[in-house]
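Below: one structure, written as C-alpha cells.
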Amino acid sequence: MLQIGWILTASLIFIVPVLVLIRLTRNFAARERLPITVTWINDLSIDRYRPMLRLLNPEDVRRLRAQPGFTWRMANKFRSQRCQLFREYLHSLDADFNRVHMALKVIMVQSKYDRPDLANILVHSKLTFAFRMMIVESQLVCYRYGIGAADFTDIIELFDALRLELRTLVRAESLAGTGL
C-alpha cells in the first residue's frame, strides 16, 4: 500500500508540471479572432457557468445509489457523462478567458499610457488560470473514477475578475473619449 502511494505521488509530481507546460504552450500559441464589441463585453457573464456548480455534486451520486436497481456501472456512466458536460463548460470558460485576456492585451498595447500594472495582472492571471485549470482537470479525473470531487470556484472567480477589469477599462476609455 505504501508503495502504491509513493508511485502515485511520484507520478503526479512528474505529470502535473508536464501538463501545465503543455497547457501554457497551447494557451500562448492560440491565436483567435476577437469579438471585441461593447455588446459582447456587456453580455459576458459568469451566469453562463453557474450550471457547473451542480454538475459534480456528490449528492447526485448518493441519490443514484439509493435508487432501486442501482449498479456501479450506472454510477460510472453517470460520472462519465457529468465529466463530459463539465469539460464542455471548461472549454467554454477557457475560450472566454482567453478572449478577455487578449482584449485586455489589445487595450494595453493601444493605450496612450504605459500600463505595467495591467501587464502584471495579465501575466499573473494567465499563469494562475492555466495552473488552476490543470488542478481542476486532475480533480476531474479523480471524480470520474469516484475519488473525491472537483473545486473549480477559483477559476470562475479569476475569470470574473479579469472580465470586470475589461469592463472597467472599456467604460473608462469610452467615458474619457480616447477610443483606446
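Chain labels run A, B, ... following the order of the C-alpha cells; each chain numbers its residues from 1, and ligands are numbered from 1 in the order shown.
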When you look at Ile156 of chain A with a cut-off of 8 Å (counting only C-alpha atoms), what residues show up, excluding the ones that are within fewer than 6 positions of it in the same chain? I need them as a ChimeraX atom specification.
/A:46,49,93
Dump as a PDB file, in the first residue's frame, selection limited to N, CA and C atoms:
ATOM      1  N   ILE A  46     -20.628  35.501 -15.777  1.00  0.00           N
ATOM      2  CA  ILE A  46     -20.333  34.208 -15.155  1.00  0.00           C
ATOM      3  C   ILE A  46     -21.604  33.390 -14.967  1.00  0.00           C
ATOM      4  N   TYR A  49     -21.844  30.028 -16.458  1.00  0.00           N
ATOM      5  CA  TYR A  49     -21.135  28.895 -15.858  1.00  0.00           C
ATOM      6  C   TYR A  49     -21.743  28.404 -14.541  1.00  0.00           C
ATOM      7  N   LEU A  93     -15.255  28.160 -20.811  1.00  0.00           N
ATOM      8  CA  LEU A  93     -14.652  29.082 -19.853  1.00  0.00           C
ATOM      9  C   LEU A  93     -13.236  29.441 -20.284  1.00  0.00           C
TER      10      LEU A  93
END
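Shortest separation to Asp96 of chain A among A:Lys77, A:Arg48, A:Arg132, A:Lys112 occurs at residue A:Arg48, atoms counted being only C-alpha atoms.
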Contacts of Phe129 of chain A at 9 Å or less, counting only C-alpha atoms, minus same-chain residues fewer than 5 places along, as an NGL selection string?
:A and (94 or 97 or 124 or 134 or 154-155 or 158-159)
Could you save the residues just selected, with N, CA and C atoms, as a short mmCIF file (atom, residue, chain, number, x, y, z; two decimals), in the first residue's frame?
data_model
loop_
_atom_site.label_atom_id
_atom_site.label_comp_id
_atom_site.auth_asym_id
_atom_site.auth_seq_id
_atom_site.Cartn_x
_atom_site.Cartn_y
_atom_site.Cartn_z
N ASP A 94 -12.49 28.46 -20.73
CA ASP A 94 -11.13 28.69 -21.21
C ASP A 94 -11.14 29.63 -22.41
N PHE A 97 -12.06 33.13 -21.22
CA PHE A 97 -10.92 33.71 -20.51
C PHE A 97 -9.87 34.21 -21.50
N HIS A 124 0.17 37.38 -14.56
CA HIS A 124 -0.19 36.62 -13.35
C HIS A 124 -1.49 35.85 -13.57
N MET A 134 -5.35 23.11 -14.72
CA MET A 134 -4.71 21.81 -14.61
C MET A 134 -5.13 21.09 -13.33
N ASP A 154 -12.30 28.76 -7.93
CA ASP A 154 -11.18 29.69 -8.12
C ASP A 154 -11.05 30.16 -9.56
N ILE A 155 -11.23 29.25 -10.51
CA ILE A 155 -11.05 29.66 -11.92
C ILE A 155 -12.20 30.54 -12.37
N LEU A 158 -11.40 33.95 -10.92
CA LEU A 158 -10.32 34.58 -11.68
C LEU A 158 -10.84 35.12 -13.01
N PHE A 159 -11.66 34.32 -13.70
CA PHE A 159 -12.26 34.77 -14.94
C PHE A 159 -13.12 36.02 -14.70
#
May I ask for the distance between atom CA of Met74 of chain A and atom CA of Tyr89 of chain A, given in Å to one decimal place?
22.8 Å
Using DSSP secondary structure from the backbone, list all helix (DSSP H, G or I) positions within segment 10-144 of chain A, as a CSV table (one decimal) with N, CA and C atoms, in the first residue's frame.
chain,number,residue,atom,x,y,z
A,10,ALA,N,4.8,10.2,-7.0
A,10,ALA,CA,5.9,10.4,-7.9
A,10,ALA,C,5.3,10.7,-9.3
A,11,SER,N,4.3,10.0,-9.7
A,11,SER,CA,3.6,10.2,-11.0
A,11,SER,C,3.0,11.6,-11.1
A,12,LEU,N,2.3,12.0,-10.0
A,12,LEU,CA,1.7,13.3,-10.0
A,12,LEU,C,2.8,14.4,-10.1
A,13,ILE,N,3.9,14.2,-9.3
A,13,ILE,CA,4.9,15.2,-9.3
A,13,ILE,C,5.5,15.4,-10.7
A,14,PHE,N,5.6,14.3,-11.5
A,14,PHE,CA,6.1,14.4,-12.9
A,14,PHE,C,5.0,14.9,-13.8
A,15,ILE,N,3.8,14.4,-13.7
A,15,ILE,CA,2.8,14.6,-14.7
A,15,ILE,C,2.2,16.0,-14.6
A,16,VAL,N,2.0,16.6,-13.4
A,16,VAL,CA,1.4,17.9,-13.3
A,16,VAL,C,2.2,19.0,-14.0
A,17,PRO,N,3.5,19.1,-13.7
A,17,PRO,CA,4.3,20.1,-14.4
A,17,PRO,C,4.3,19.9,-15.9
A,18,VAL,N,4.3,18.7,-16.4
A,18,VAL,CA,4.3,18.5,-17.9
A,18,VAL,C,3.0,19.0,-18.4
A,19,LEU,N,1.9,18.7,-17.8
A,19,LEU,CA,0.6,19.1,-18.2
A,19,LEU,C,0.4,20.6,-18.2
A,20,VAL,N,1.0,21.2,-17.1
A,20,VAL,CA,1.0,22.7,-17.1
A,20,VAL,C,1.7,23.3,-18.2
A,21,LEU,N,2.9,22.8,-18.5
A,21,LEU,CA,3.7,23.3,-19.7
A,21,LEU,C,3.0,23.1,-21.0
A,22,ILE,N,2.3,22.0,-21.2
A,22,ILE,CA,1.6,21.8,-22.4
A,22,ILE,C,0.4,22.8,-22.5
A,23,ARG,N,-0.3,22.9,-21.4
A,23,ARG,CA,-1.4,23.9,-21.3
A,23,ARG,C,-0.9,25.3,-21.6
A,24,LEU,N,0.1,25.7,-21.0
A,24,LEU,CA,0.7,27.1,-21.2
A,24,LEU,C,1.1,27.3,-22.7
A,25,THR,N,1.7,26.3,-23.3
A,25,THR,CA,2.2,26.4,-24.6
A,25,THR,C,1.0,26.5,-25.6
A,26,ARG,N,-0.1,25.7,-25.3
A,26,ARG,CA,-1.3,25.8,-26.1
A,26,ARG,C,-1.9,27.2,-26.0
A,27,ASN,N,-2.0,27.7,-24.7
A,27,ASN,CA,-2.7,29.0,-24.5
A,27,ASN,C,-1.9,30.1,-25.1
A,28,PHE,N,-0.6,30.1,-25.0
A,28,PHE,CA,0.2,31.2,-25.5
A,28,PHE,C,0.3,31.2,-27.0
A,29,ALA,N,0.2,30.0,-27.6
A,29,ALA,CA,0.3,29.8,-29.1
A,29,ALA,C,-1.1,30.1,-29.7
A,38,VAL,N,-18.7,46.3,-27.6
A,38,VAL,CA,-19.3,46.7,-26.3
A,38,VAL,C,-20.5,45.7,-25.9
A,39,THR,N,-21.2,45.3,-26.9
A,39,THR,CA,-22.3,44.3,-26.7
A,39,THR,C,-21.7,43.0,-26.1
A,40,TRP,N,-20.6,42.5,-26.8
A,40,TRP,CA,-20.0,41.3,-26.3
A,40,TRP,C,-19.5,41.4,-24.9
A,41,ILE,N,-18.9,42.5,-24.6
A,41,ILE,CA,-18.4,42.7,-23.2
A,41,ILE,C,-19.5,42.8,-22.2
A,42,ASN,N,-20.6,43.5,-22.6
A,42,ASN,CA,-21.7,43.6,-21.6
A,42,ASN,C,-22.4,42.3,-21.5
A,43,ASP,N,-22.5,41.4,-22.5
A,43,ASP,CA,-23.2,40.1,-22.4
A,43,ASP,C,-22.3,39.1,-21.7
A,46,ILE,N,-20.6,35.5,-15.8
A,46,ILE,CA,-20.3,34.2,-15.2
A,46,ILE,C,-21.6,33.4,-15.0
A,47,ASP,N,-22.8,34.0,-15.2
A,47,ASP,CA,-24.0,33.3,-15.1
A,47,ASP,C,-24.0,32.1,-16.0
A,48,ARG,N,-23.3,32.2,-17.1
A,48,ARG,CA,-23.3,31.1,-18.1
A,48,ARG,C,-22.7,29.8,-17.5
A,49,TYR,N,-21.8,30.0,-16.5
A,49,TYR,CA,-21.1,28.9,-15.9
A,49,TYR,C,-21.7,28.4,-14.5
A,52,MET,N,-22.4,24.7,-13.8
A,52,MET,CA,-21.2,23.9,-13.5
A,52,MET,C,-21.2,23.5,-12.0
A,53,LEU,N,-21.8,24.4,-11.2
A,53,LEU,CA,-21.8,24.2,-9.7
A,53,LEU,C,-22.5,23.0,-9.3
A,54,ARG,N,-23.5,22.5,-10.1
A,54,ARG,CA,-24.3,21.3,-9.8
A,54,ARG,C,-23.8,20.1,-10.5
A,55,LEU,N,-23.1,20.2,-11.5
A,55,LEU,CA,-22.7,19.0,-12.3
A,55,LEU,C,-21.9,18.0,-11.6
A,58,PRO,N,-21.6,15.7,-5.3
A,58,PRO,CA,-21.6,14.3,-4.9
A,58,PRO,C,-22.9,13.8,-4.4
A,59,GLU,N,-23.8,14.7,-4.0
A,59,GLU,CA,-25.1,14.2,-3.6
A,59,GLU,C,-25.9,13.5,-4.7
A,60,ASP,N,-25.7,13.9,-5.9
A,60,ASP,CA,-26.4,13.3,-7.0
A,60,ASP,C,-26.0,11.8,-7.1
A,61,VAL,N,-24.8,11.5,-6.9
A,61,VAL,CA,-24.3,10.1,-7.0
A,61,VAL,C,-24.9,9.3,-5.8
A,62,ARG,N,-25.0,10.0,-4.6
A,62,ARG,CA,-25.6,9.3,-3.4
A,62,ARG,C,-27.0,9.0,-3.7
A,63,ARG,N,-27.7,10.0,-4.3
A,63,ARG,CA,-29.2,9.7,-4.6
A,63,ARG,C,-29.3,8.6,-5.6
A,64,LEU,N,-28.4,8.5,-6.6
A,64,LEU,CA,-28.5,7.5,-7.5
A,64,LEU,C,-28.3,6.1,-6.9
A,65,ARG,N,-27.3,6.1,-5.9
A,65,ARG,CA,-27.1,4.8,-5.2
A,65,ARG,C,-28.3,4.3,-4.4
A,66,ALA,N,-29.1,5.3,-4.0
A,66,ALA,CA,-30.3,4.9,-3.2
A,66,ALA,C,-31.4,4.4,-4.0
A,72,TRP,N,-23.1,-0.3,-10.0
A,72,TRP,CA,-21.9,0.5,-10.0
A,72,TRP,C,-21.6,1.0,-11.5
A,73,ARG,N,-22.1,0.2,-12.4
A,73,ARG,CA,-21.9,0.6,-13.8
A,73,ARG,C,-22.8,1.9,-14.1
A,74,MET,N,-23.9,2.0,-13.5
A,74,MET,CA,-24.8,3.2,-13.6
A,74,MET,C,-24.0,4.4,-13.0
A,75,ALA,N,-23.4,4.2,-11.9
A,75,ALA,CA,-22.7,5.3,-11.2
A,75,ALA,C,-21.5,5.7,-12.1
A,76,ASN,N,-20.8,4.8,-12.7
A,76,ASN,CA,-19.7,5.1,-13.5
A,76,ASN,C,-20.1,5.9,-14.8
A,77,LYS,N,-21.2,5.4,-15.4
A,77,LYS,CA,-21.7,6.1,-16.6
A,77,LYS,C,-22.2,7.5,-16.2
A,78,PHE,N,-22.8,7.6,-15.1
A,78,PHE,CA,-23.3,8.9,-14.6
A,78,PHE,C,-22.1,9.9,-14.4
A,79,ARG,N,-21.1,9.5,-13.7
A,79,ARG,CA,-19.9,10.3,-13.5
A,79,ARG,C,-19.2,10.6,-14.8
A,80,SER,N,-19.2,9.7,-15.7
A,80,SER,CA,-18.6,9.9,-17.0
A,80,SER,C,-19.3,11.0,-17.8
A,81,GLN,N,-20.6,10.9,-17.8
A,81,GLN,CA,-21.4,11.9,-18.6
A,81,GLN,C,-21.3,13.3,-18.0
A,82,ARG,N,-21.3,13.3,-16.6
A,82,ARG,CA,-21.1,14.6,-15.9
A,82,ARG,C,-19.8,15.2,-16.2
A,83,CYS,N,-18.7,14.4,-16.3
A,83,CYS,CA,-17.4,14.9,-16.6
A,83,CYS,C,-17.3,15.4,-18.0
A,84,GLN,N,-18.0,14.7,-18.9
A,84,GLN,CA,-18.0,15.2,-20.3
A,84,GLN,C,-18.7,16.6,-20.4
A,85,LEU,N,-19.8,16.7,-19.7
A,85,LEU,CA,-20.5,18.0,-19.7
A,85,LEU,C,-19.7,19.1,-19.1
A,86,PHE,N,-19.0,18.7,-18.0
A,86,PHE,CA,-18.2,19.7,-17.2
A,86,PHE,C,-17.0,20.1,-18.1
A,87,ARG,N,-16.4,19.2,-18.8
A,87,ARG,CA,-15.3,19.6,-19.7
A,87,ARG,C,-15.8,20.5,-20.8
A,88,GLU,N,-17.0,20.4,-21.3
A,88,GLU,CA,-17.5,21.3,-22.3
A,88,GLU,C,-17.6,22.7,-21.7
A,89,TYR,N,-18.1,22.8,-20.5
A,89,TYR,CA,-18.1,24.1,-19.8
A,89,TYR,C,-16.7,24.7,-19.6
A,90,LEU,N,-15.8,23.8,-19.2
A,90,LEU,CA,-14.4,24.2,-19.0
A,90,LEU,C,-13.8,24.8,-20.3
A,91,HIS,N,-14.1,24.1,-21.4
A,91,HIS,CA,-13.7,24.5,-22.7
A,91,HIS,C,-14.2,25.9,-23.0
A,92,SER,N,-15.5,26.2,-22.8
A,92,SER,CA,-16.1,27.5,-23.0
A,92,SER,C,-15.5,28.5,-22.1
A,93,LEU,N,-15.3,28.2,-20.8
A,93,LEU,CA,-14.7,29.1,-19.9
A,93,LEU,C,-13.2,29.4,-20.3
A,94,ASP,N,-12.5,28.5,-20.7
A,94,ASP,CA,-11.1,28.7,-21.2
A,94,ASP,C,-11.1,29.6,-22.4
A,95,ALA,N,-12.1,29.4,-23.3
A,95,ALA,CA,-12.1,30.3,-24.5
A,95,ALA,C,-12.5,31.7,-24.2
A,96,ASP,N,-13.5,31.8,-23.3
A,96,ASP,CA,-13.9,33.2,-22.8
A,96,ASP,C,-12.7,33.9,-22.1
A,97,PHE,N,-12.1,33.1,-21.2
A,97,PHE,CA,-10.9,33.7,-20.5
A,97,PHE,C,-9.9,34.2,-21.5
A,98,ASN,N,-9.6,33.4,-22.5
A,98,ASN,CA,-8.5,33.8,-23.5
A,98,ASN,C,-9.0,35.0,-24.3
A,99,ARG,N,-10.3,35.1,-24.6
A,99,ARG,CA,-10.7,36.3,-25.3
A,99,ARG,C,-10.6,37.5,-24.5
A,100,VAL,N,-11.0,37.4,-23.2
A,100,VAL,CA,-10.9,38.6,-22.3
A,100,VAL,C,-9.5,39.0,-22.1
A,101,HIS,N,-8.6,38.0,-22.0
A,101,HIS,CA,-7.2,38.2,-21.8
A,101,HIS,C,-6.6,38.9,-23.0
A,102,MET,N,-7.0,38.4,-24.2
A,102,MET,CA,-6.5,39.1,-25.5
A,102,MET,C,-7.0,40.5,-25.6
A,103,ALA,N,-8.3,40.7,-25.3
A,103,ALA,CA,-8.9,42.0,-25.3
A,103,ALA,C,-8.1,43.0,-24.4
A,104,LEU,N,-7.8,42.5,-23.2
A,104,LEU,CA,-7.0,43.4,-22.3
A,104,LEU,C,-5.6,43.7,-22.9
A,105,LYS,N,-5.0,42.7,-23.5
A,105,LYS,CA,-3.7,42.9,-24.1
A,105,LYS,C,-3.8,44.0,-25.2
A,106,VAL,N,-4.9,43.9,-26.0
A,106,VAL,CA,-5.1,44.9,-27.1
A,106,VAL,C,-5.2,46.3,-26.5
A,107,ILE,N,-6.0,46.4,-25.4
A,107,ILE,CA,-6.2,47.7,-24.8
A,107,ILE,C,-4.9,48.2,-24.2
A,108,MET,N,-4.1,47.3,-23.6
A,108,MET,CA,-2.9,47.8,-23.1
A,108,MET,C,-1.9,48.3,-24.1
A,109,VAL,N,-1.8,47.5,-25.3
A,109,VAL,CA,-0.9,47.9,-26.3
A,109,VAL,C,-1.4,49.2,-27.0
A,110,GLN,N,-2.7,49.4,-27.1
A,110,GLN,CA,-3.2,50.6,-27.8
A,110,GLN,C,-3.3,51.8,-26.9
A,116,PRO,N,2.2,49.1,-16.8
A,116,PRO,CA,2.9,47.9,-16.2
A,116,PRO,C,2.0,47.2,-15.3
A,117,ASP,N,1.1,47.9,-14.6
A,117,ASP,CA,0.1,47.2,-13.7
A,117,ASP,C,-0.7,46.2,-14.4
A,118,LEU,N,-1.2,46.6,-15.6
A,118,LEU,CA,-2.1,45.8,-16.4
A,118,LEU,C,-1.3,44.6,-16.9
A,119,ALA,N,0.0,44.9,-17.4
A,119,ALA,CA,0.8,43.8,-17.9
A,119,ALA,C,1.1,42.8,-16.8
A,120,ASN,N,1.3,43.2,-15.6
A,120,ASN,CA,1.5,42.3,-14.4
A,120,ASN,C,0.2,41.5,-14.2
A,121,ILE,N,-0.9,42.1,-14.2
A,121,ILE,CA,-2.2,41.4,-14.0
A,121,ILE,C,-2.4,40.3,-15.1
A,122,LEU,N,-2.1,40.7,-16.3
A,122,LEU,CA,-2.3,39.8,-17.4
A,122,LEU,C,-1.4,38.5,-17.3
A,123,VAL,N,-0.1,38.7,-17.0
A,123,VAL,CA,0.8,37.6,-16.9
A,123,VAL,C,0.4,36.7,-15.7
A,124,HIS,N,0.2,37.4,-14.6
A,124,HIS,CA,-0.2,36.6,-13.4
A,124,HIS,C,-1.5,35.8,-13.6
A,125,SER,N,-2.5,36.5,-14.2
A,125,SER,CA,-3.8,35.8,-14.3
A,125,SER,C,-3.7,34.7,-15.3
A,126,LYS,N,-2.9,34.8,-16.4
A,126,LYS,CA,-2.7,33.8,-17.4
A,126,LYS,C,-2.1,32.5,-16.7
A,127,LEU,N,-1.0,32.7,-16.0
A,127,LEU,CA,-0.3,31.6,-15.3
A,127,LEU,C,-1.2,31.0,-14.3
A,128,THR,N,-1.8,31.8,-13.5
A,128,THR,CA,-2.7,31.3,-12.4
A,128,THR,C,-3.9,30.5,-13.0
A,129,PHE,N,-4.5,31.0,-14.1
A,129,PHE,CA,-5.6,30.3,-14.7
A,129,PHE,C,-5.2,29.0,-15.3
A,130,ALA,N,-4.0,29.0,-16.0
A,130,ALA,CA,-3.6,27.7,-16.6
A,130,ALA,C,-3.3,26.7,-15.5
A,131,PHE,N,-2.6,27.1,-14.4
A,131,PHE,CA,-2.3,26.2,-13.3
A,131,PHE,C,-3.6,25.7,-12.6
A,132,ARG,N,-4.6,26.6,-12.4
A,132,ARG,CA,-5.8,26.2,-11.8
A,132,ARG,C,-6.6,25.2,-12.7
A,133,MET,N,-6.6,25.5,-14.0
A,133,MET,CA,-7.3,24.6,-14.9
A,133,MET,C,-6.7,23.2,-14.9
A,134,MET,N,-5.4,23.1,-14.7
A,134,MET,CA,-4.7,21.8,-14.6
A,134,MET,C,-5.1,21.1,-13.3
A,135,ILE,N,-5.3,21.8,-12.3
A,135,ILE,CA,-5.7,21.2,-11.0
A,135,ILE,C,-7.1,20.7,-11.2
A,136,VAL,N,-8.0,21.5,-11.8
A,136,VAL,CA,-9.4,21.1,-12.0
A,136,VAL,C,-9.4,19.8,-12.9
A,137,GLU,N,-8.6,19.8,-13.9
A,137,GLU,CA,-8.6,18.6,-14.8
A,137,GLU,C,-8.2,17.4,-14.0
A,138,SER,N,-7.2,17.5,-13.2
A,138,SER,CA,-6.7,16.3,-12.4
A,138,SER,C,-7.8,15.9,-11.4
A,139,GLN,N,-8.5,16.9,-10.8
A,139,GLN,CA,-9.6,16.6,-9.9
A,139,GLN,C,-10.7,15.9,-10.6
A,140,LEU,N,-10.9,16.4,-11.8
A,140,LEU,CA,-12.0,15.8,-12.7
A,140,LEU,C,-11.7,14.3,-13.0
A,141,VAL,N,-10.5,14.0,-13.3
A,141,VAL,CA,-10.1,12.6,-13.5
A,141,VAL,C,-10.4,11.8,-12.2
A,142,CYS,N,-10.0,12.3,-11.1
A,142,CYS,CA,-10.3,11.6,-9.8
A,142,CYS,C,-11.8,11.4,-9.6
A,143,TYR,N,-12.6,12.5,-9.9
A,143,TYR,CA,-14.0,12.4,-9.7
A,143,TYR,C,-14.6,11.3,-10.6
A,144,ARG,N,-14.1,11.3,-11.9
A,144,ARG,CA,-14.6,10.3,-12.8
A,144,ARG,C,-14.5,8.9,-12.3
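Residue nearest Gly148 of chain A, chosen from A:Thr37, A:Ser45, A:Gln3, A:Asn57 and counting only C-alpha atoms: A:Asn57.
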